[in-house]
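Structure below is upload_28.csv: CSV, N, CA and C atoms.
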chain,number,residue,atom,x,y,z
O,1,MET,N,52.3,-13.4,7.6
O,1,MET,CA,51.9,-12.6,8.7
O,1,MET,C,51.2,-11.3,8.2
O,2,ARG,N,51.6,-10.8,7.0
O,2,ARG,CA,51.0,-9.6,6.5
O,2,ARG,C,49.6,-9.9,6.0
O,3,THR,N,49.3,-11.1,5.4
O,3,THR,CA,48.0,-11.4,5.0
O,3,THR,C,47.0,-11.6,6.1
O,4,LYS,N,47.5,-12.0,7.2
O,4,LYS,CA,46.6,-12.2,8.4
O,4,LYS,C,46.2,-10.8,8.9
O,5,TRP,N,47.1,-9.8,8.9
O,5,TRP,CA,46.8,-8.5,9.3
O,5,TRP,C,45.8,-7.8,8.3
O,6,ILE,N,45.9,-8.0,7.0
O,6,ILE,CA,45.0,-7.5,6.0
O,6,ILE,C,43.6,-8.1,6.2
O,7,THR,N,43.6,-9.4,6.4
O,7,THR,CA,42.3,-10.1,6.5
O,7,THR,C,41.6,-9.6,7.8
O,8,PHE,N,42.3,-9.5,8.9
O,8,PHE,CA,41.8,-9.0,10.1
O,8,PHE,C,41.2,-7.6,9.9
O,9,SER,N,42.0,-6.7,9.3
O,9,SER,CA,41.6,-5.3,9.0
O,9,SER,C,40.3,-5.3,8.2
O,10,LEU,N,40.3,-6.1,7.1
O,10,LEU,CA,39.1,-6.0,6.3
O,10,LEU,C,37.9,-6.6,7.0
O,11,LEU,N,38.1,-7.6,7.8
O,11,LEU,CA,36.9,-8.2,8.5
O,11,LEU,C,36.4,-7.2,9.5
O,12,THR,N,37.3,-6.5,10.2
O,12,THR,CA,36.9,-5.5,11.2
O,12,THR,C,36.2,-4.3,10.5
O,13,PHE,N,36.7,-3.9,9.4
O,13,PHE,CA,36.1,-2.8,8.6
O,13,PHE,C,34.6,-3.2,8.2
O,14,ILE,N,34.5,-4.4,7.7
O,14,ILE,CA,33.2,-4.9,7.2
O,14,ILE,C,32.2,-5.0,8.4
O,15,LEU,N,32.7,-5.5,9.5
O,15,LEU,CA,31.8,-5.6,10.7
O,15,LEU,C,31.4,-4.3,11.2
O,16,LEU,N,32.3,-3.3,11.2
O,16,LEU,CA,32.0,-2.0,11.7
O,16,LEU,C,31.0,-1.3,10.7
O,17,LEU,N,31.2,-1.5,9.4
O,17,LEU,CA,30.3,-0.9,8.4
O,17,LEU,C,28.9,-1.4,8.6
O,18,PHE,N,28.8,-2.7,8.6
O,18,PHE,CA,27.4,-3.3,8.8
O,18,PHE,C,26.8,-3.0,10.1
O,19,GLY,N,27.6,-3.1,11.2
O,19,GLY,CA,27.1,-2.7,12.5
O,19,GLY,C,26.6,-1.3,12.6
O,20,GLY,N,27.4,-0.4,12.0
O,20,GLY,CA,27.0,1.0,11.9
O,20,GLY,C,25.7,1.2,11.1
O,21,PHE,N,25.6,0.5,10.0
O,21,PHE,CA,24.4,0.6,9.1
O,21,PHE,C,23.2,0.2,9.9
O,22,PHE,N,23.2,-1.0,10.5
O,22,PHE,CA,22.1,-1.5,11.3
O,22,PHE,C,21.7,-0.7,12.5
O,23,ALA,N,22.7,-0.1,13.1
O,23,ALA,CA,22.5,0.7,14.3
O,23,ALA,C,21.8,2.0,13.8
O,24,VAL,N,22.2,2.6,12.8
O,24,VAL,CA,21.6,3.8,12.3
O,24,VAL,C,20.2,3.5,11.8
O,25,GLN,N,20.0,2.4,11.1
O,25,GLN,CA,18.7,2.0,10.6
O,25,GLN,C,17.7,1.8,11.7
O,26,GLN,N,18.1,1.1,12.7
O,26,GLN,CA,17.2,0.8,13.8
O,26,GLN,C,16.9,2.1,14.6
O,27,THR,N,17.9,2.9,14.8
O,27,THR,CA,17.6,4.2,15.5
O,27,THR,C,16.6,5.1,14.7
O,28,LEU,N,16.8,5.2,13.4
O,28,LEU,CA,15.9,6.0,12.6
O,28,LEU,C,14.5,5.4,12.5
O,29,PHE,N,14.4,4.1,12.4
O,29,PHE,CA,13.1,3.4,12.2
O,29,PHE,C,12.3,3.5,13.5
O,30,ARG,N,13.0,3.6,14.7
O,30,ARG,CA,12.2,3.6,15.9
O,30,ARG,C,12.1,5.1,16.5
O,31,LYS,N,12.6,6.0,15.8
O,31,LYS,CA,12.5,7.4,16.2
O,31,LYS,C,11.0,7.9,16.1
O,32,GLU,N,10.6,8.6,17.1
O,32,GLU,CA,9.2,9.1,17.1
O,32,GLU,C,9.1,10.3,16.3
O,33,PRO,N,7.9,10.5,15.6
O,33,PRO,CA,6.8,9.6,15.5
O,33,PRO,C,7.1,8.5,14.5
O,34,THR,N,6.8,7.3,14.8
O,34,THR,CA,7.0,6.1,14.0
O,34,THR,C,5.8,5.9,13.1
O,35,LEU,N,6.0,5.0,12.1
O,35,LEU,CA,4.9,4.6,11.3
O,35,LEU,C,3.8,4.0,12.1
O,36,LEU,N,4.1,3.3,13.1
O,36,LEU,CA,3.1,2.7,14.0
O,36,LEU,C,2.2,3.7,14.6
O,37,THR,N,2.8,4.8,15.0
O,37,THR,CA,2.1,5.9,15.6
O,37,THR,C,1.1,6.5,14.6
O,38,TYR,N,1.6,6.7,13.4
O,38,TYR,CA,0.8,7.3,12.3
O,38,TYR,C,-0.4,6.3,12.0
O,39,MET,N,-0.1,5.0,12.0
O,39,MET,CA,-1.2,4.1,11.7
O,39,MET,C,-2.2,4.0,12.8
O,40,ASP,N,-1.8,4.1,14.1
O,40,ASP,CA,-2.8,4.2,15.2
O,40,ASP,C,-3.6,5.4,15.0
O,41,ASN,N,-3.0,6.6,14.7
O,41,ASN,CA,-3.8,7.8,14.5
O,41,ASN,C,-4.8,7.7,13.3
O,42,LEU,N,-4.3,7.0,12.3
O,42,LEU,CA,-5.1,6.9,11.1
O,42,LEU,C,-6.3,6.0,11.4
O,43,ILE,N,-6.1,4.9,12.1
O,43,ILE,CA,-7.3,4.0,12.5
O,43,ILE,C,-8.3,4.8,13.3
O,44,GLN,N,-7.8,5.6,14.2
O,44,GLN,CA,-8.7,6.4,15.1
O,44,GLN,C,-9.5,7.4,14.2
O,45,GLU,N,-8.7,8.1,13.3
O,45,GLU,CA,-9.4,9.2,12.5
O,45,GLU,C,-10.4,8.6,11.5
O,46,SER,N,-10.1,7.4,11.0
O,46,SER,CA,-11.0,6.7,10.1
O,46,SER,C,-12.3,6.3,10.8
O,47,GLN,N,-12.1,5.8,12.0
O,47,GLN,CA,-13.3,5.4,12.7
O,47,GLN,C,-14.2,6.6,13.2
O,48,GLU,N,-13.5,7.7,13.4
O,48,GLU,CA,-14.2,8.9,13.7
O,48,GLU,C,-14.7,9.7,12.5
O,49,GLN,N,-14.4,9.2,11.3
O,49,GLN,CA,-14.8,9.8,10.0
O,49,GLN,C,-14.1,11.2,9.9
O,50,ALA,N,-13.0,11.4,10.5
O,50,ALA,CA,-12.2,12.7,10.4
O,50,ALA,C,-11.3,12.5,9.2
O,51,TRP,N,-11.8,12.7,8.0
O,51,TRP,CA,-11.1,12.4,6.7
O,51,TRP,C,-10.0,13.4,6.4
O,52,ASP,N,-10.3,14.7,6.8
O,52,ASP,CA,-9.2,15.7,6.5
O,52,ASP,C,-8.0,15.4,7.3
O,53,GLN,N,-8.2,15.0,8.6
O,53,GLN,CA,-7.0,14.7,9.4
O,53,GLN,C,-6.4,13.4,8.9
O,54,ALA,N,-7.2,12.4,8.5
O,54,ALA,CA,-6.7,11.2,8.0
O,54,ALA,C,-5.8,11.4,6.7
O,55,GLU,N,-6.2,12.3,5.8
O,55,GLU,CA,-5.4,12.6,4.7
O,55,GLU,C,-4.1,13.2,5.1
O,56,GLN,N,-4.1,14.1,6.1
O,56,GLN,CA,-2.9,14.7,6.6
O,56,GLN,C,-2.0,13.6,7.2
O,57,THR,N,-2.5,12.7,7.9
O,57,THR,CA,-1.7,11.6,8.5
O,57,THR,C,-1.1,10.7,7.4
O,58,VAL,N,-1.9,10.5,6.3
O,58,VAL,CA,-1.3,9.7,5.2
O,58,VAL,C,-0.2,10.4,4.6
O,59,GLU,N,-0.3,11.7,4.4
O,59,GLU,CA,0.8,12.5,3.8
O,59,GLU,C,2.0,12.5,4.7
O,60,GLU,N,1.8,12.6,6.0
O,60,GLU,CA,3.0,12.6,6.9
O,60,GLU,C,3.6,11.2,6.9
O,61,THR,N,2.8,10.1,6.7
O,61,THR,CA,3.3,8.8,6.6
O,61,THR,C,4.2,8.6,5.4
O,62,ASN,N,3.7,9.2,4.3
O,62,ASN,CA,4.4,9.1,3.0
O,62,ASN,C,5.8,9.9,3.1
O,63,GLN,N,5.8,11.0,3.8
O,63,GLN,CA,7.0,11.8,4.0
O,63,GLN,C,8.0,11.0,4.8
O,64,LEU,N,7.5,10.3,5.9
O,64,LEU,CA,8.4,9.5,6.7
O,64,LEU,C,8.9,8.3,5.9
O,65,TRP,N,8.1,7.7,5.1
O,65,TRP,CA,8.6,6.6,4.3
O,65,TRP,C,9.6,7.0,3.3
O,66,ARG,N,9.4,8.2,2.7
O,66,ARG,CA,10.4,8.7,1.7
O,66,ARG,C,11.8,8.9,2.3
O,67,ARG,N,11.8,9.3,3.6
O,67,ARG,CA,13.0,9.6,4.3
O,67,ARG,C,13.7,8.2,4.7
O,68,LEU,N,12.9,7.2,4.9
O,68,LEU,CA,13.5,6.0,5.4
O,68,LEU,C,13.6,4.9,4.4
O,69,ARG,N,13.1,5.0,3.2
O,69,ARG,CA,13.0,3.9,2.3
O,69,ARG,C,14.4,3.6,1.7
O,70,MET,N,15.3,4.5,1.7
O,70,MET,CA,16.6,4.2,1.2
O,70,MET,C,17.3,3.2,2.1
O,71,LEU,N,17.2,3.3,3.4
O,71,LEU,CA,17.7,2.4,4.4
O,71,LEU,C,17.0,1.0,4.3
O,72,ALA,N,15.7,1.1,4.1
O,72,ALA,CA,15.0,-0.2,4.0
O,72,ALA,C,15.4,-0.9,2.7
O,73,MET,N,15.7,-0.2,1.6
O,73,MET,CA,16.0,-0.8,0.4
O,73,MET,C,17.2,-1.7,0.4
O,74,PHE,N,18.2,-1.3,1.2
O,74,PHE,CA,19.4,-2.1,1.3
O,74,PHE,C,19.3,-3.4,2.1
O,75,HIS,N,18.3,-3.4,3.0
O,75,HIS,CA,18.2,-4.5,4.0
O,75,HIS,C,17.1,-5.5,3.6
O,76,PHE,N,16.2,-5.1,2.8
O,76,PHE,CA,15.0,-6.0,2.6
O,76,PHE,C,14.8,-6.3,1.1
O,77,ALA,N,14.1,-7.4,0.9
O,77,ALA,CA,13.9,-7.8,-0.5
O,77,ALA,C,13.0,-6.8,-1.3
O,78,THR,N,13.2,-6.8,-2.6
O,78,THR,CA,12.5,-5.9,-3.4
O,78,THR,C,11.0,-6.1,-3.2
O,79,GLU,N,10.5,-7.3,-3.1
O,79,GLU,CA,9.1,-7.6,-2.9
O,79,GLU,C,8.6,-7.0,-1.7
O,80,ASP,N,9.3,-7.1,-0.6
O,80,ASP,CA,8.9,-6.5,0.7
O,80,ASP,C,8.8,-4.9,0.6
O,81,PHE,N,9.8,-4.4,-0.1
O,81,PHE,CA,9.8,-2.9,-0.3
O,81,PHE,C,8.7,-2.5,-1.1
O,82,GLU,N,8.4,-3.2,-2.2
O,82,GLU,CA,7.3,-2.8,-3.1
O,82,GLU,C,5.9,-3.0,-2.4
O,83,SER,N,5.8,-4.0,-1.6
O,83,SER,CA,4.5,-4.3,-0.9
O,83,SER,C,4.2,-3.1,0.0
O,84,ILE,N,5.2,-2.5,0.7
O,84,ILE,CA,4.9,-1.4,1.5
O,84,ILE,C,4.5,-0.2,0.7
O,85,GLU,N,5.1,0.0,-0.4
O,85,GLU,CA,4.7,1.1,-1.3
O,85,GLU,C,3.3,0.9,-1.8
O,86,ASP,N,3.0,-0.3,-2.2
O,86,ASP,CA,1.6,-0.7,-2.6
O,86,ASP,C,0.6,-0.4,-1.5
O,87,SER,N,0.9,-0.8,-0.3
O,87,SER,CA,0.0,-0.6,0.8
O,87,SER,C,-0.2,0.9,1.1
O,88,LEU,N,0.9,1.6,1.0
O,88,LEU,CA,0.7,3.1,1.2
O,88,LEU,C,-0.2,3.7,0.1
O,89,SER,N,-0.1,3.2,-1.1
O,89,SER,CA,-1.0,3.7,-2.2
O,89,SER,C,-2.4,3.3,-2.0
O,90,ARG,N,-2.6,2.1,-1.5
O,90,ARG,CA,-4.0,1.6,-1.2
O,90,ARG,C,-4.6,2.4,0.0
O,91,LEU,N,-3.7,2.7,0.9
O,91,LEU,CA,-4.1,3.4,2.1
O,91,LEU,C,-4.6,4.8,1.7
O,92,GLN,N,-3.8,5.5,0.9
O,92,GLN,CA,-4.1,6.8,0.4
O,92,GLN,C,-5.4,6.8,-0.4
O,93,GLY,N,-5.6,5.8,-1.2
O,93,GLY,CA,-6.8,5.7,-2.0
O,93,GLY,C,-8.0,5.5,-1.1
O,94,SER,N,-7.9,4.6,-0.1
O,94,SER,CA,-9.1,4.4,0.8
O,94,SER,C,-9.4,5.6,1.6
O,95,VAL,N,-8.4,6.4,2.0
O,95,VAL,CA,-8.7,7.6,2.7
O,95,VAL,C,-9.4,8.6,1.8
O,96,ARG,N,-8.9,8.8,0.6
O,96,ARG,CA,-9.5,9.7,-0.3
O,96,ARG,C,-10.9,9.4,-0.7
O,97,SER,N,-11.2,8.1,-0.8
O,97,SER,CA,-12.5,7.6,-1.1
O,97,SER,C,-13.4,7.5,0.1
O,98,LYS,N,-12.8,7.8,1.3
O,98,LYS,CA,-13.5,7.8,2.6
O,98,LYS,C,-14.1,6.4,2.9
O,99,ASP,N,-13.3,5.4,2.6
O,99,ASP,CA,-13.7,4.0,2.9
O,99,ASP,C,-13.1,3.6,4.2
O,100,GLU,N,-13.9,3.6,5.3
O,100,GLU,CA,-13.5,3.4,6.6
O,100,GLU,C,-12.9,2.0,6.8
O,101,ALA,N,-13.6,1.0,6.3
O,101,ALA,CA,-13.2,-0.4,6.5
O,101,ALA,C,-11.9,-0.7,5.8
O,102,GLU,N,-11.7,-0.2,4.5
O,102,GLU,CA,-10.5,-0.4,3.8
O,102,GLU,C,-9.3,0.3,4.4
O,103,ALA,N,-9.6,1.5,4.9
O,103,ALA,CA,-8.5,2.3,5.6
O,103,ALA,C,-8.0,1.6,6.8
O,104,VAL,N,-8.9,1.1,7.6
O,104,VAL,CA,-8.5,0.4,8.9
O,104,VAL,C,-7.8,-0.9,8.5
O,105,ILE,N,-8.2,-1.6,7.6
O,105,ILE,CA,-7.5,-2.8,7.2
O,105,ILE,C,-6.1,-2.5,6.7
O,106,GLU,N,-6.0,-1.6,5.8
O,106,GLU,CA,-4.7,-1.2,5.3
O,106,GLU,C,-3.7,-0.7,6.4
O,107,ALA,N,-4.3,0.1,7.3
O,107,ALA,CA,-3.5,0.6,8.4
O,107,ALA,C,-2.9,-0.6,9.3
O,108,HIS,N,-3.8,-1.6,9.5
O,108,HIS,CA,-3.3,-2.8,10.2
O,108,HIS,C,-2.2,-3.5,9.4
O,109,VAL,N,-2.4,-3.7,8.1
O,109,VAL,CA,-1.5,-4.3,7.3
O,109,VAL,C,-0.1,-3.6,7.4
O,110,MET,N,-0.2,-2.3,7.3
O,110,MET,CA,1.1,-1.5,7.3
O,110,MET,C,1.7,-1.6,8.7
O,111,GLN,N,1.0,-1.7,9.8
O,111,GLN,CA,1.6,-1.9,11.1
O,111,GLN,C,2.4,-3.2,11.1
O,112,GLU,N,1.8,-4.3,10.6
O,112,GLU,CA,2.4,-5.6,10.6
O,112,GLU,C,3.7,-5.6,9.7
O,113,LYS,N,3.6,-4.9,8.6
O,113,LYS,CA,4.8,-4.8,7.7
O,113,LYS,C,5.9,-4.0,8.4
O,114,TRP,N,5.5,-3.0,9.1
O,114,TRP,CA,6.5,-2.2,9.7
O,114,TRP,C,7.2,-2.9,10.9
O,115,LYS,N,6.4,-3.7,11.6
O,115,LYS,CA,7.0,-4.5,12.7
O,115,LYS,C,8.0,-5.5,12.1
O,116,THR,N,7.7,-6.1,10.9
O,116,THR,CA,8.7,-6.9,10.3
O,116,THR,C,9.9,-6.2,9.9
O,117,LEU,N,9.8,-5.0,9.4
O,117,LEU,CA,11.0,-4.2,9.1
O,117,LEU,C,11.8,-3.9,10.3
O,118,LEU,N,11.3,-3.8,11.4
O,118,LEU,CA,12.0,-3.4,12.6
O,118,LEU,C,12.9,-4.6,13.1
O,119,LYS,N,12.6,-5.8,12.6
O,119,LYS,CA,13.4,-7.0,13.1
O,119,LYS,C,14.7,-7.0,12.4
O,120,TRP,N,15.7,-7.5,13.1
O,120,TRP,CA,17.1,-7.6,12.5
O,120,TRP,C,17.1,-8.6,11.4
O,121,ILE,N,16.3,-9.7,11.6
O,121,ILE,CA,16.2,-10.7,10.5
O,121,ILE,C,14.7,-10.8,10.2
O,122,PRO,N,14.3,-10.1,9.1
O,122,PRO,CA,12.8,-10.1,8.8
O,122,PRO,C,12.3,-11.5,8.4
O,123,GLU,N,11.0,-11.6,8.8
O,123,GLU,CA,10.3,-12.9,8.5
O,123,GLU,C,9.7,-12.8,7.1
O,124,PRO,N,9.5,-13.9,6.4
O,124,PRO,CA,8.9,-13.9,5.1
O,124,PRO,C,7.4,-13.5,5.1
Mind converting the file's structure to structure tokens?
Amino acid sequence: MRTKWITFSLLTFILLLFGGFFAVQQTLFRKEPTLLTYMDNLIQESQEQAWDQAEQTVEETNQLWRRLRMLAMFHFATEDFESIEDSLSRLQGSVRSKDEAEAVIEAHVMQEKWKTLLKWIPEP
């Protein structure tokens, strides 16, 4: 009888722990301004050739990612995590070099990666 109680308690604790983790993660990932908002702004700024504003948007995106990456690290594969960091670096480089086409492409790539991060079960 005692082992059933311990098993039930541990199972309840684990479910609450993971449920709380995913709830906090989803709440923070969807909190405005989201990465999707920043990428929409960046696409518009790149198309308008507003490079100073685009650099500011990239910096704000990096700050947002630094705040959220620890939560992403626990839930997603290392490859997914590193691909987002690589995309952010390429995005920053394309804005600094004022390459409109590359900036727009990388912003769209980041949007798709972020949408994958928002799913409970990410796609490959």
**Study point:** Contact residues around Thr57 of chain O with all atoms listed in the file at 6.5 Å, ignoring same-chain residues under 5 positions, as JSON, numbers by chain
**Key:** {"O": [38, 42, 52, 62]}
> So what do you get for atom CA of Leu35 of chain O versus atom CA of Trp114 of chain O, distance-wise?
Replying inline: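 Computing the Euclidean distance for atom CA of Leu35 of chain O and atom CA of Trp114 of chain O yields 7.2 Å.
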Residues within 12 Å of Gln56 of chain O, please, as a PyMOL selection string. Count only C-alpha atoms; anything in the same chain fewer than 3 positions from it doesn't count. chain O and resi 38-39+41-42+45-46+50-53+59-63+92+95-96
Out of O:His108, O:Lys98, O:Arg69, O:Arg90, which residue has the shortest atom-to-atom distance to Asp40 of chain O when counting only C-alpha atoms?
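When distances to Asp40 of chain O are compared using only C-alpha atoms, the smallest one comes from O:His108.
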In Å to one decimal, how far is atom N of Asp99 of chain O from atom CA of Asp80 of chain O?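 If I compute the distance from atom CA of Asp80 of chain O to atom N of Asp99 of chain O, I get 25.3 Å.
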Atom C of Glu112 of chain O to atom CA of Ile84 of chain O measures 9.3 Å
Q | Distance query Leu91 of chain O at most 7 Å, only N, CA and C atoms, self and fewer than 2 positions along chain excluded, as number ranges by chain | A | O: 58, 86-89, 93-96, 102-103, 106-107
